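Data block for data_15.pdb (PDB, N, CA and C atoms, pLDDT in the B column):
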ATOM      1  N   MET A   1     -86.373  16.424  61.147  1.00 81.00           N
ATOM      2  CA  MET A   1     -85.464  17.305  61.850  1.00 81.00           C
ATOM      3  C   MET A   1     -84.365  16.478  62.500  1.00 81.00           C
ATOM      4  N   LYS A   2     -83.203  17.071  62.604  1.00 94.00           N
ATOM      5  CA  LYS A   2     -82.111  16.367  63.264  1.00 94.00           C
ATOM      6  C   LYS A   2     -81.325  17.340  64.134  1.00 94.00           C
ATOM      7  N   TRP A   3     -80.597  16.768  65.079  1.00 97.00           N
ATOM      8  CA  TRP A   3     -79.789  17.578  65.993  1.00 97.00           C
ATOM      9  C   TRP A   3     -78.596  18.161  65.252  1.00 97.00           C
ATOM     10  N   ILE A   4     -78.285  19.416  65.592  1.00 97.00           N
ATOM     11  CA  ILE A   4     -77.143  20.124  65.018  1.00 97.00           C
ATOM     12  C   ILE A   4     -76.179  20.432  66.152  1.00 97.00           C
ATOM     13  N   LYS A   5     -74.894  20.139  65.939  1.00 97.00           N
ATOM     14  CA  LYS A   5     -73.888  20.442  66.967  1.00 97.00           C
ATOM     15  C   LYS A   5     -73.819  21.944  67.189  1.00 97.00           C
ATOM     16  N   ALA A   6     -73.606  22.328  68.434  1.00 94.00           N
ATOM     17  CA  ALA A   6     -73.640  23.746  68.816  1.00 94.00           C
ATOM     18  C   ALA A   6     -72.496  24.562  68.235  1.00 94.00           C
ATOM     19  N   ASP A   7     -71.478  23.914  67.662  1.00 94.00           N
ATOM     20  CA  ASP A   7     -70.412  24.709  67.039  1.00 94.00           C
ATOM     21  C   ASP A   7     -70.920  25.404  65.771  1.00 94.00           C
ATOM     22  N   LYS A   8     -72.104  24.987  65.290  1.00 96.00           N
ATOM     23  CA  LYS A   8     -72.784  25.676  64.184  1.00 96.00           C
ATOM     24  C   LYS A   8     -74.014  26.362  64.774  1.00 96.00           C
ATOM     25  N   ALA A   9     -73.962  27.659  64.904  1.00 95.00           N
ATOM     26  CA  ALA A   9     -75.031  28.429  65.551  1.00 95.00           C
ATOM     27  C   ALA A   9     -76.222  28.603  64.609  1.00 95.00           C
ATOM     28  N   PRO A  10     -77.420  28.787  65.176  1.00 96.00           N
ATOM     29  CA  PRO A  10     -78.582  29.092  64.334  1.00 96.00           C
ATOM     30  C   PRO A  10     -78.362  30.391  63.560  1.00 96.00           C
ATOM     31  N   LYS A  11     -78.901  30.449  62.353  1.00 95.00           N
ATOM     32  CA  LYS A  11     -78.770  31.654  61.538  1.00 95.00           C
ATOM     33  C   LYS A  11     -79.825  32.697  61.886  1.00 95.00           C
ATOM     34  N   VAL A  12     -80.918  32.237  62.506  1.00 96.00           N
ATOM     35  CA  VAL A  12     -82.045  33.109  62.819  1.00 96.00           C
ATOM     36  C   VAL A  12     -82.295  33.103  64.319  1.00 96.00           C
ATOM     37  N   GLN A  13     -82.534  34.281  64.895  1.00 96.00           N
ATOM     38  CA  GLN A  13     -82.887  34.358  66.307  1.00 96.00           C
ATOM     39  C   GLN A  13     -84.264  33.738  66.519  1.00 96.00           C
ATOM     40  N   GLY A  14     -84.448  33.096  67.680  1.00 96.00           N
ATOM     41  CA  GLY A  14     -85.746  32.511  67.953  1.00 96.00           C
ATOM     42  C   GLY A  14     -85.667  31.416  69.003  1.00 96.00           C
ATOM     43  N   LYS A  15     -86.732  30.631  69.099  1.00 96.00           N
ATOM     44  CA  LYS A  15     -86.811  29.535  70.063  1.00 96.00           C
ATOM     45  C   LYS A  15     -86.361  28.243  69.396  1.00 96.00           C
ATOM     46  N   TYR A  16     -85.569  27.460  70.148  1.00 97.00           N
ATOM     47  CA  TYR A  16     -85.043  26.195  69.650  1.00 97.00           C
ATOM     48  C   TYR A  16     -85.077  25.160  70.767  1.00 97.00           C
ATOM     49  N   LEU A  17     -85.134  23.894  70.379  1.00 96.00           N
ATOM     50  CA  LEU A  17     -84.966  22.804  71.320  1.00 96.00           C
ATOM     51  C   LEU A  17     -83.470  22.598  71.448  1.00 96.00           C
ATOM     52  N   ALA A  18     -82.946  22.698  72.669  1.00 95.00           N
ATOM     53  CA  ALA A  18     -81.496  22.647  72.870  1.00 95.00           C
ATOM     54  C   ALA A  18     -81.148  21.652  73.966  1.00 95.00           C
ATOM     55  N   VAL A  19     -80.048  20.928  73.763  1.00 95.00           N
ATOM     56  CA  VAL A  19     -79.519  20.018  74.766  1.00 95.00           C
ATOM     57  C   VAL A  19     -78.341  20.715  75.430  1.00 95.00           C
ATOM     58  N   VAL A  20     -78.323  20.709  76.764  1.00 92.00           N
ATOM     59  CA  VAL A  20     -77.228  21.323  77.502  1.00 92.00           C
ATOM     60  C   VAL A  20     -76.265  20.242  77.973  1.00 92.00           C
ATOM     61  N   SER A  21     -75.166  20.649  78.574  1.00 88.00           N
ATOM     62  CA  SER A  21     -74.089  19.726  78.929  1.00 88.00           C
ATOM     63  C   SER A  21     -74.494  18.615  79.891  1.00 88.00           C
ATOM     64  N   ASN A  22     -75.604  18.765  80.622  1.00 85.00           N
ATOM     65  CA  ASN A  22     -76.038  17.684  81.516  1.00 85.00           C
ATOM     66  C   ASN A  22     -77.010  16.734  80.809  1.00 85.00           C
ATOM     67  N   SER A  23     -77.084  16.814  79.492  1.00 89.00           N
ATOM     68  CA  SER A  23     -77.896  15.936  78.636  1.00 89.00           C
ATOM     69  C   SER A  23     -79.398  16.122  78.802  1.00 89.00           C
ATOM     70  N   GLN A  24     -79.831  17.276  79.277  1.00 93.00           N
ATOM     71  CA  GLN A  24     -81.252  17.565  79.367  1.00 93.00           C
ATOM     72  C   GLN A  24     -81.626  18.537  78.258  1.00 93.00           C
ATOM     73  N   ALA A  25     -82.858  18.393  77.755  1.00 94.00           N
ATOM     74  CA  ALA A  25     -83.326  19.244  76.663  1.00 94.00           C
ATOM     75  C   ALA A  25     -84.252  20.328  77.198  1.00 94.00           C
ATOM     76  N   TYR A  26     -84.118  21.526  76.645  1.00 94.00           N
ATOM     77  CA  TYR A  26     -84.932  22.675  77.032  1.00 94.00           C
ATOM     78  C   TYR A  26     -85.314  23.448  75.780  1.00 94.00           C
ATOM     79  N   ILE A  27     -86.406  24.188  75.847  1.00 94.00           N
ATOM     80  CA  ILE A  27     -86.717  25.155  74.806  1.00 94.00           C
ATOM     81  C   ILE A  27     -86.053  26.458  75.230  1.00 94.00           C
ATOM     82  N   LEU A  28     -85.097  26.906  74.432  1.00 94.00           N
ATOM     83  CA  LEU A  28     -84.325  28.102  74.762  1.00 94.00           C
ATOM     84  C   LEU A  28     -84.448  29.125  73.644  1.00 94.00           C
ATOM     85  N   ASP A  29     -84.227  30.375  74.001  1.00 94.00           N
ATOM     86  CA  ASP A  29     -84.185  31.468  73.023  1.00 94.00           C
ATOM     87  C   ASP A  29     -82.741  31.686  72.595  1.00 94.00           C
ATOM     88  N   TYR A  30     -82.536  31.864  71.303  1.00 94.00           N
ATOM     89  CA  TYR A  30     -81.228  32.217  70.772  1.00 94.00           C
ATOM     90  C   TYR A  30     -81.306  33.657  70.287  1.00 94.00           C
ATOM     91  N   VAL A  31     -80.594  34.563  70.980  1.00 92.00           N
ATOM     92  CA  VAL A  31     -80.659  35.996  70.686  1.00 92.00           C
ATOM     93  C   VAL A  31     -79.254  36.576  70.705  1.00 92.00           C
ATOM     94  N   ASP A  32     -78.893  37.271  69.642  1.00 91.00           N
ATOM     95  CA  ASP A  32     -77.591  37.952  69.548  1.00 91.00           C
ATOM     96  C   ASP A  32     -76.423  37.028  69.906  1.00 91.00           C
ATOM     97  N   GLY A  33     -76.484  35.790  69.431  1.00 91.00           N
ATOM     98  CA  GLY A  33     -75.374  34.857  69.634  1.00 91.00           C
ATOM     99  C   GLY A  33     -75.309  34.206  70.995  1.00 91.00           C
ATOM    100  N   LYS A  34     -76.367  34.363  71.813  1.00 90.00           N
ATOM    101  CA  LYS A  34     -76.381  33.765  73.152  1.00 90.00           C
ATOM    102  C   LYS A  34     -77.683  33.006  73.372  1.00 90.00           C
ATOM    103  N   TRP A  35     -77.618  32.009  74.249  1.00 92.00           N
ATOM    104  CA  TRP A  35     -78.785  31.213  74.623  1.00 92.00           C
ATOM    105  C   TRP A  35     -79.363  31.737  75.924  1.00 92.00           C
ATOM    106  N   TYR A  36     -80.696  31.823  75.982  1.00 91.00           N
ATOM    107  CA  TYR A  36     -81.395  32.300  77.173  1.00 91.00           C
ATOM    108  C   TYR A  36     -82.595  31.401  77.442  1.00 91.00           C
ATOM    109  N   GLY A  37     -83.000  31.333  78.708  1.00 88.00           N
ATOM    110  CA  GLY A  37     -84.233  30.634  79.033  1.00 88.00           C
ATOM    111  C   GLY A  37     -84.200  29.971  80.384  1.00 88.00           C
ATOM    112  N   GLN A  38     -85.367  29.554  80.829  1.00 84.00           N
ATOM    113  CA  GLN A  38     -85.509  28.881  82.119  1.00 84.00           C
ATOM    114  C   GLN A  38     -85.056  27.443  81.992  1.00 84.00           C
ATOM    115  N   PRO A  39     -84.482  26.859  82.989  1.00 81.00           N
ATOM    116  CA  PRO A  39     -84.344  27.305  84.368  1.00 81.00           C
ATOM    117  C   PRO A  39     -83.037  28.038  84.633  1.00 81.00           C
ATOM    118  N   PHE A  40     -82.417  28.573  83.609  1.00 76.00           N
ATOM    119  CA  PHE A  40     -81.110  29.214  83.748  1.00 76.00           C
ATOM    120  C   PHE A  40     -81.267  30.688  84.095  1.00 76.00           C
ATOM    121  N   TYR A  41     -80.326  31.199  84.839  1.00 69.00           N
ATOM    122  CA  TYR A  41     -80.348  32.606  85.223  1.00 69.00           C
ATOM    123  C   TYR A  41     -79.996  33.482  84.034  1.00 69.00           C
ATOM    124  N   SER A  42     -80.622  34.626  83.940  1.00 63.00           N
ATOM    125  CA  SER A  42     -80.357  35.559  82.861  1.00 63.00           C
ATOM    126  C   SER A  42     -78.889  35.971  82.882  1.00 63.00           C
ATOM    127  N   GLY A  43     -78.260  35.905  81.740  1.00 59.00           N
ATOM    128  CA  GLY A  43     -76.870  36.314  81.640  1.00 59.00           C
ATOM    129  C   GLY A  43     -75.876  35.214  81.964  1.00 59.00           C
ATOM    130  N   LYS A  44     -76.329  34.108  82.559  1.00 66.00           N
ATOM    131  CA  LYS A  44     -75.426  33.003  82.872  1.00 66.00           C
ATOM    132  C   LYS A  44     -75.113  32.235  81.590  1.00 66.00           C
ATOM    133  N   HIS A  45     -73.874  31.798  81.454  1.00 78.00           N
ATOM    134  CA  HIS A  45     -73.488  31.037  80.279  1.00 78.00           C
ATOM    135  C   HIS A  45     -74.207  29.686  80.276  1.00 78.00           C
ATOM    136  N   ILE A  46     -74.865  29.372  79.187  1.00 87.00           N
ATOM    137  CA  ILE A  46     -75.550  28.097  79.032  1.00 87.00           C
ATOM    138  C   ILE A  46     -74.740  27.271  78.047  1.00 87.00           C
ATOM    139  N   ASN A  47     -74.270  26.118  78.489  1.00 91.00           N
ATOM    140  CA  ASN A  47     -73.429  25.270  77.649  1.00 91.00           C
ATOM    141  C   ASN A  47     -74.301  24.349  76.793  1.00 91.00           C
ATOM    142  N   VAL A  48     -74.746  24.857  75.656  1.00 94.00           N
ATOM    143  CA  VAL A  48     -75.556  24.077  74.721  1.00 94.00           C
ATOM    144  C   VAL A  48     -74.623  23.202  73.894  1.00 94.00           C
ATOM    145  N   THR A  49     -74.955  21.898  73.802  1.00 95.00           N
ATOM    146  CA  THR A  49     -74.138  20.975  73.016  1.00 95.00           C
ATOM    147  C   THR A  49     -74.757  20.716  71.637  1.00 95.00           C
ATOM    148  N   HIS A  50     -76.108  20.691  71.564  1.00 97.00           N
ATOM    149  CA  HIS A  50     -76.821  20.442  70.314  1.00 97.00           C
ATOM    150  C   HIS A  50     -78.122  21.235  70.316  1.00 97.00           C
ATOM    151  N   TRP A  51     -78.657  21.509  69.142  1.00 97.00           N
ATOM    152  CA  TRP A  51     -79.926  22.218  69.026  1.00 97.00           C
ATOM    153  C   TRP A  51     -80.648  21.766  67.761  1.00 97.00           C
ATOM    154  N   MET A  52     -81.958  22.031  67.722  1.00 97.00           N
ATOM    155  CA  MET A  52     -82.752  21.796  66.518  1.00 97.00           C
ATOM    156  C   MET A  52     -83.940  22.739  66.523  1.00 97.00           C
ATOM    157  N   GLU A  53     -84.517  22.934  65.350  1.00 96.00           N
ATOM    158  CA  GLU A  53     -85.711  23.765  65.266  1.00 96.00           C
ATOM    159  C   GLU A  53     -86.867  23.057  65.951  1.00 96.00           C
ATOM    160  N   LEU A  54     -87.798  23.837  66.470  1.00 95.00           N
ATOM    161  CA  LEU A  54     -88.987  23.261  67.085  1.00 95.00           C
ATOM    162  C   LEU A  54     -89.891  22.684  66.001  1.00 95.00           C
ATOM    163  N   PRO A  55     -90.577  21.582  66.294  1.00 91.00           N
ATOM    164  CA  PRO A  55     -91.513  21.048  65.297  1.00 91.00           C
ATOM    165  C   PRO A  55     -92.701  21.982  65.129  1.00 91.00           C
ATOM    166  N   LYS A  56     -93.367  21.862  64.004  1.00 87.00           N
ATOM    167  CA  LYS A  56     -94.572  22.664  63.765  1.00 87.00           C
ATOM    168  C   LYS A  56     -95.682  22.170  64.685  1.00 87.00           C
ATOM    169  N   LEU A  57     -96.522  23.088  65.137  1.00 81.00           N
ATOM    170  CA  LEU A  57     -97.653  22.736  65.989  1.00 81.00           C
ATOM    171  C   LEU A  57     -98.730  22.037  65.160  1.00 81.00           C
ATOM    172  N   PRO A  58     -99.531  21.184  65.793  1.00 78.00           N
ATOM    173  CA  PRO A  58    -100.612  20.533  65.054  1.00 78.00           C
ATOM    174  C   PRO A  58    -101.669  21.551  64.645  1.00 78.00           C
ATOM    175  N   MET A  59    -102.343  21.244  63.579  1.00 78.00           N
ATOM    176  CA  MET A  59    -103.424  22.108  63.101  1.00 78.00           C
ATOM    177  C   MET A  59    -104.639  21.926  63.999  1.00 78.00           C
ATOM    178  N   PRO A  60    -105.467  22.961  64.209  1.00 77.00           N
ATOM    179  CA  PRO A  60    -106.642  22.840  65.079  1.00 77.00           C
ATOM    180  C   PRO A  60    -107.546  21.667  64.719  1.00 77.00           C
ATOM    181  N   LYS A  61    -107.631  21.297  63.439  1.00 74.00           N
ATOM    182  CA  LYS A  61    -108.493  20.186  63.049  1.00 74.00           C
ATOM    183  C   LYS A  61    -107.978  18.853  63.609  1.00 74.00           C
ATOM    184  N   ASP A  62    -106.711  18.794  63.995  1.00 67.00           N
ATOM    185  CA  ASP A  62    -106.114  17.575  64.527  1.00 67.00           C
ATOM    186  C   ASP A  62    -106.146  17.525  66.058  1.00 67.00           C
ATOM    187  N   TRP A  63    -106.609  18.585  66.691  1.00 71.00           N
ATOM    188  CA  TRP A  63    -106.650  18.617  68.148  1.00 71.00           C
ATOM    189  C   TRP A  63    -107.699  17.655  68.665  1.00 71.00           C
ATOM    190  N   VAL A  64    -107.434  17.085  69.817  1.00 72.00           N
ATOM    191  CA  VAL A  64    -108.384  16.175  70.458  1.00 72.00           C
ATOM    192  C   VAL A  64    -108.877  16.848  71.742  1.00 72.00           C
ATOM    193  N   TYR A  65    -110.179  16.875  71.913  1.00 68.00           N
ATOM    194  CA  TYR A  65    -110.762  17.503  73.090  1.00 68.00           C
ATOM    195  C   TYR A  65    -111.438  16.462  73.958  1.00 68.00           C
ATOM    196  N   ASP A  66    -111.193  16.533  75.256  1.00 64.00           N
ATOM    197  CA  ASP A  66    -111.912  15.693  76.217  1.00 64.00           C
ATOM    198  C   ASP A  66    -113.112  16.477  76.712  1.00 64.00           C
ATOM    199  N   ILE A  67    -114.271  15.852  76.666  1.00 64.00           N
ATOM    200  CA  ILE A  67    -115.487  16.524  77.098  1.00 64.00           C
ATOM    201  C   ILE A  67    -116.014  15.849  78.345  1.00 64.00           C
TER
END

Could you express the structure from this file as structure tokens?
Amino acid sequence: MKWIKADKAPKVQGKYLAVVSNSQAYILDYVDGKWYGQPFYSGKHINVTHWMELPKLPMPKDWVYDI
């Protein structure tokens, strides 16, 4: 996976790893052409500079449990 500049929007609505203008990364929702998510206020403009798809989760057989 690689970072995509925000001038190219995701084609599918969903959750993405996004970098905002202060260089911090967040998991944000992309819905109807807008970014949403914590710690940002609903409806506030979020200045996303780059985004990428979230990695796939590990399979249960690969999980490590502490007993």

Discussion item. So that I can check the secondary structure, give me every residue of chain A assigned strand (DSSP E) by backbone DSSP, as a ChimeraX atom specification.
Written reply: /A:4-5,14-20,25-31,34-36,48-53

Return as an mmCIF file with N, CA and C atoms, in the coordinates of the input the set of residues that the PyMOL selection byres ((chain A and resi 7) around 8) yields on the displayed structure.
data_model
loop_
_atom_site.group_PDB
_atom_site.id
_atom_site.type_symbol
_atom_site.label_atom_id
_atom_site.label_comp_id
_atom_site.auth_asym_id
_atom_site.auth_seq_id
_atom_site.Cartn_x
_atom_site.Cartn_y
_atom_site.Cartn_z
ATOM 1 N N ILE A 4 -78.285 19.416 65.592
ATOM 2 C CA ILE A 4 -77.143 20.124 65.018
ATOM 3 C C ILE A 4 -76.179 20.432 66.152
ATOM 4 N N LYS A 5 -74.894 20.139 65.939
ATOM 5 C CA LYS A 5 -73.888 20.442 66.967
ATOM 6 C C LYS A 5 -73.819 21.944 67.189
ATOM 7 N N ALA A 6 -73.606 22.328 68.434
ATOM 8 C CA ALA A 6 -73.640 23.746 68.816
ATOM 9 C C ALA A 6 -72.496 24.562 68.235
ATOM 10 N N LYS A 8 -72.104 24.987 65.290
ATOM 11 C CA LYS A 8 -72.784 25.676 64.184
ATOM 12 C C LYS A 8 -74.014 26.362 64.774
ATOM 13 N N ALA A 9 -73.962 27.659 64.904
ATOM 14 C CA ALA A 9 -75.031 28.429 65.551
ATOM 15 C C ALA A 9 -76.222 28.603 64.609
ATOM 16 N N PRO A 10 -77.420 28.787 65.176
ATOM 17 C CA PRO A 10 -78.582 29.092 64.334
ATOM 18 C C PRO A 10 -78.362 30.391 63.560
ATOM 19 N N VAL A 48 -74.746 24.857 75.656
ATOM 20 C CA VAL A 48 -75.556 24.077 74.721
ATOM 21 C C VAL A 48 -74.623 23.202 73.894
ATOM 22 N N THR A 49 -74.955 21.898 73.802
ATOM 23 C CA THR A 49 -74.138 20.975 73.016
ATOM 24 C C THR A 49 -74.757 20.716 71.637
ATOM 25 N N HIS A 50 -76.108 20.691 71.564
ATOM 26 C CA HIS A 50 -76.821 20.442 70.314
ATOM 27 C C HIS A 50 -78.122 21.235 70.316
ATOM 28 N N TRP A 51 -78.657 21.509 69.142
ATOM 29 C CA TRP A 51 -79.926 22.218 69.026
ATOM 30 C C TRP A 51 -80.648 21.766 67.761
#

Worksheet item: In Å, with one decimal, what is the gap from CA of Val19 in chain A to atom N of Pro58 in chain A?
Response: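 Interatomic distance here is 22.0 Å.
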
Worksheet item: Interatomic distance between atom C of Glu53 in chain A and atom C of Phe40 in chain A?
Response: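 Result for atom C of Glu53 in chain A versus atom C of Phe40 in chain A: 20.5 Å, one decimal.
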
Worksheet, complete the sentence: Taken to one decimal, the atom N of Trp63 in chain A-CA of Tyr16 in chain A distance is 23.1 Å

Discussion item. Excluding Gln13 in chain A and its own-chain neighbours fewer than 6 positions away, which residues fall within 8 Å of it when counting only C-alpha atoms? Please give them as number ranges by chain.
Written reply: A: 29-32

What would the file look like if the residues just selected were written as a tab-separated table (two decimals), in the frame of the given file with N, CA and C atoms?
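See again03.tsv below for the written result:
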chain	number	residue	atom	x	y	z
A	29	ASP	N	-84.23	30.38	74.00
A	29	ASP	CA	-84.18	31.47	73.02
A	29	ASP	C	-82.74	31.69	72.60
A	30	TYR	N	-82.54	31.86	71.30
A	30	TYR	CA	-81.23	32.22	70.77
A	30	TYR	C	-81.31	33.66	70.29
A	31	VAL	N	-80.59	34.56	70.98
A	31	VAL	CA	-80.66	36.00	70.69
A	31	VAL	C	-79.25	36.58	70.70
A	32	ASP	N	-78.89	37.27	69.64
A	32	ASP	CA	-77.59	37.95	69.55
A	32	ASP	C	-76.42	37.03	69.91

Practice prompt. Could you list the residues chosen by the PyMOL selection byres ((chain A and resi 38) around 8) in this structure as a ChimeraX atom specification?
Written response: /A:26-29,36-37,39-42

Taking all atoms of range 7-10 of chain A that the file lists, what box with edges along x, y and z, padded by 6 Å per side, do you get, with centre and edge lengths in Å to one decimal, as AutoDock Vina command-line options?
--center_x -74.5 --center_y 27.2 --center_z 65.6 --size_x 20.2 --size_y 18.5 --size_z 16.1
